[in-house]
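Beneath this line is the structure, given in structure tokens, with notes to follow.
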Amino acid sequence: MKSETLPGTASFEAVLAEHGWAGLHATRLEIFQMNLGRLCNMACRHCHVDAGPDRTDQMMSRETIDNCLTALDRTEAHTVDLTGGAPELNPHFRDLVDEAISRGKHVLDRCNLSILLVPRFADLPEWLAERGVEVVGSLPHHRRRNTDALRGDGAYARSIEALRRLNAAGYGRGDPRRRLTLVSNPAGAFLAGKQCALEPEWKAALARDHGVTFDALIALNNMPIGRFLAWLQESGNLSGYLERLLGAFNPVTIAGLMCRNTISIGWDGSIHDCDFNQVLAIPAESPAGKVPHVRDFDPVHFQQRRIRTARHCFGCTAGAGSSCGGALAD
Amino acid sequence: MAGYYHPEQLGKFAEIAEGHPQLAEQFFAYYASVFAEGALTGREKALIALAVAHAVQCPYCIDAYSQACLEHGADLEQMTEALHVAVAIRGGASLVHGVQMLEHVRKTGM
């Protein structure tokens with residue numbers, strides 16, 4: 001469902017204007033984000049991508065990956081952000097990581113953690129560690145209840161075991177070349193907590209309860225799109241959640257919104273301002289007026305584009321804000 | 001309007017200033033200071049508020065601080081433990097009065 005059909009009257013662009021912003025425009029491109037496909041070994045209830053084990057038809061091809069690498073070479077992006085689905089399930093994942101590392105890029109693997117327990121990926125913690133890949137692992141909550149509520153029974157236990165394996169490979173122990181970041185999402189129609197307050201609590205709790213460690217916590221709001229939107233509608237929480245996002249609008253978050261320093265490439269090579277727009281099939285602004293494709297990437301135009309917004313953008317500006325890098329304000 | 005409690009009234013709390021703006025302003029400033037991070041964290045204060053909300057049986061406060069606890073990263077188990085603190089104190093407050101009963105019985109009985 002497109003966010004334009006959601007109830008409520010506030011326009012994101014109008015609220016931006018109230019705070020002195022004449023639309024959103026790009027800043028220096030820093031993050032080259034690639035969605036390697038929607039195939040996933042999990043089917044989390046909050047997944048905005050609607051990923052799952054049945055999404056075998058939407059996988060980034062080797063040709064598109066090569067197009068991405070060509071485009072990457074035409075940018076100054078310092079980070080390659082690999083997402084999915086489970087990006088590791090793309091058959092070209094390891095080749096792509098090696099290509100990005102050979103270009104001197106910082107690589108992020110947005111990992112659902114449980115994939116590391118699949119036997120054929122058992123070597124992945126060591127493999128990633130050898131290359132200095134940052135693992136950004138999804139863990140909705142540091143306790144079982146809210147994690148299993150979003151990810152299914154047993155997901156918490158599997159995640160903890162995956163963290164143990166990452167720790168054994170040197171991750172999460174303060175080594176900048178083996179950085180382990182956890183991502184928390186609320187298990188319901190409420191905003192994410194303040195990550196600066198949550199991080200010490202999470203570190204203490206996971207160390208005390210399971211003897212596992214990590215380096216940093218990112219706390220993100222759930223966007224009212226995809227499976228989470230369907231749940232909001234079914235549970236009668238949609239209006240209340242949208243009011244909560246609108247009421248918590250924080251203008252301090254605008255300057256650091258991820259869409260401003262990111263290019264988001266869909267599994268099919270389409271170019272978007274962020275992966276939420278990608279899911280909603282909102283392409284980045286294109287001079288030809290057609291869906292821009294990474295094989296035709298024009299870095300000059302991309303840098304000058306106006307970012308396309310819709311109502312779901314209030315999810316990134318609520319409270320402390322949310323970006324792929326975490327909160328945007330104290 | 002039938003009944004006394006209406007959830008939408010929580011969102012109109014600030015309108016209480018209509019009858020006496022100065023007192024309302026002072027109250028809300030004090031309230032904000034109380035819930036600011038201090039020697040206790042915002043999460044700890046939200047859990048205390050949730051427990052007190054049940055003790056004073058304020059439905060507005062229960063809604064507000066259930067949400068606040070969730071947004072401070074608490075889960076149902078932690079919130080329920082906070083609730084039981086209120087329950088224990090309320091129960092204990094009744095039970096400890098039993099000592100008065102006991103002493104009365106001891107004094108007047110044979």
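Naming works like this for the structure tokens: A, B, ... for the chains as they're shown, residue 1 at the start of each chain, ligands 1 onward in shown order.
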For chain B, report every residue with an atom at most 10 Å from chain A (counting only C-alpha atoms), formatted as a count of residues only.
15
Could you pull out all residues of stretch 103-330 of chain A with a DSSP call of alpha helix (DSSP H) and give them as a PyMOL selection string?
chain A and resi 124-131+144-151+155-168+195-210+226-235+238-247+275-279+299-304+314-317
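Backbone DSSP over stretch 248-287 of chain A gives strand (DSSP E or B) for Phe249, Thr262, Ile263, Ser264, Ile265, Ser270, Ile271 and His272 of chain A.
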With distances taken over only C-alpha atoms, the candidate from A:Arg28, A:His210, A:His272, A:His301 nearest A:Glu161 is A:His210
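Counting only C-alpha atoms and comparing B:Leu47, B:Val85, B:Phe35, B:Tyr60, the residue that lies closest to B:Gly11 is B:Tyr60.
Minimum atom-to-atom distance to B:Tyr4, evaluated using only C-alpha atoms, belongs to B:Cys58 out of B:Ala39, B:Cys58, B:Ala82, B:Met110.
For the pair atom CA of A:Asp123 and atom CA of A:Ala207, the separation is 23.9 Å.
Residues in contact with A:Val183 at 10 Å, where only C-alpha atoms are counted and same-chain residues fewer than 6 positions away are skipped, are listed as Arg110, Cys111, Asn112, Val136, Gly137, Ser138, Leu139, Pro140, His141, Gln195, Ala216, Leu217, Ile218, Ala219, Leu220, Cys324, Gly325 and Gly326 of chain A.
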What gap, in Å, lies between atom CA of A:Arg305 and atom CA of A:Arg74?
16.5 Å
Any idea what's packed within 9 Å of A:Ile263, counting only C-alpha atoms, ignoring anything in its chain fewer than 6 positions away? Could you give it as a compact mmCIF listing (two decimals) with N, CA, C and O atoms, in the first residue's frame?
```
# COMPACT_ATOMS: atom_id res chain seq x y z
N LEU A 29 27.33 12.45 -1.16
CA LEU A 29 26.99 11.02 -1.15
C LEU A 29 28.05 10.25 -0.37
O LEU A 29 29.22 10.26 -0.71
N GLU A 30 27.59 9.58 0.70
CA GLU A 30 28.50 8.83 1.55
C GLU A 30 28.20 7.34 1.58
O GLU A 30 29.11 6.51 1.73
N ILE A 31 26.92 7.01 1.45
CA ILE A 31 26.50 5.62 1.64
C ILE A 31 25.94 5.07 0.33
O ILE A 31 25.00 5.64 -0.24
N PHE A 32 26.49 3.96 -0.12
CA PHE A 32 26.01 3.28 -1.33
C PHE A 32 25.30 2.02 -0.85
O PHE A 32 25.93 1.02 -0.52
N GLN A 33 23.97 2.11 -0.80
CA GLN A 33 23.19 1.00 -0.24
C GLN A 33 22.62 0.13 -1.35
O GLN A 33 22.05 0.64 -2.33
N MET A 34 22.78 -1.17 -1.19
CA MET A 34 22.30 -2.12 -2.19
C MET A 34 21.39 -3.14 -1.53
O MET A 34 21.80 -3.80 -0.57
N ILE A 271 16.87 3.01 -8.79
CA ILE A 271 17.54 3.93 -7.86
C ILE A 271 16.48 4.69 -7.06
O ILE A 271 15.51 5.21 -7.62
N HIS A 272 16.73 4.76 -5.75
CA HIS A 272 15.78 5.41 -4.83
C HIS A 272 16.54 6.28 -3.85
O HIS A 272 17.75 6.16 -3.67
N ASP A 273 15.76 7.14 -3.17
CA ASP A 273 16.37 8.01 -2.16
C ASP A 273 16.64 7.26 -0.86
O ASP A 273 17.51 7.65 -0.09
N CYS A 274 15.87 6.23 -0.59
CA CYS A 274 16.09 5.43 0.62
C CYS A 274 15.40 4.09 0.41
O CYS A 274 14.63 3.92 -0.55
N ASP A 275 15.63 3.14 1.31
CA ASP A 275 15.04 1.83 1.06
C ASP A 275 13.54 1.80 1.39
O ASP A 275 12.84 0.88 0.97
N ALA A 284 13.93 7.59 -7.30
CA ALA A 284 14.59 8.90 -7.18
C ALA A 284 14.22 9.75 -8.39
O ALA A 284 13.90 9.24 -9.46
N PHE A 302 22.22 13.02 -9.85
CA PHE A 302 21.81 12.43 -8.58
C PHE A 302 22.13 13.37 -7.43
O PHE A 302 21.35 13.52 -6.49
```
Considering only C-alpha atoms, return as a count of residues only whatever protein or nucleic-acid residues lie within 12 Å of B:Phe28, sequence-local ones (same chain, fewer than 4 positions apart) excluded.
13
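Put simply, atom CA of A:Gly211 is 24.1 Å away from atom CA of B:Glu44.
Proximity of A:Ala248, A:Ala168, A:Leu150, A:Glu243 to A:Cys47, computed with only C-alpha atoms, is greatest for A:Leu150.
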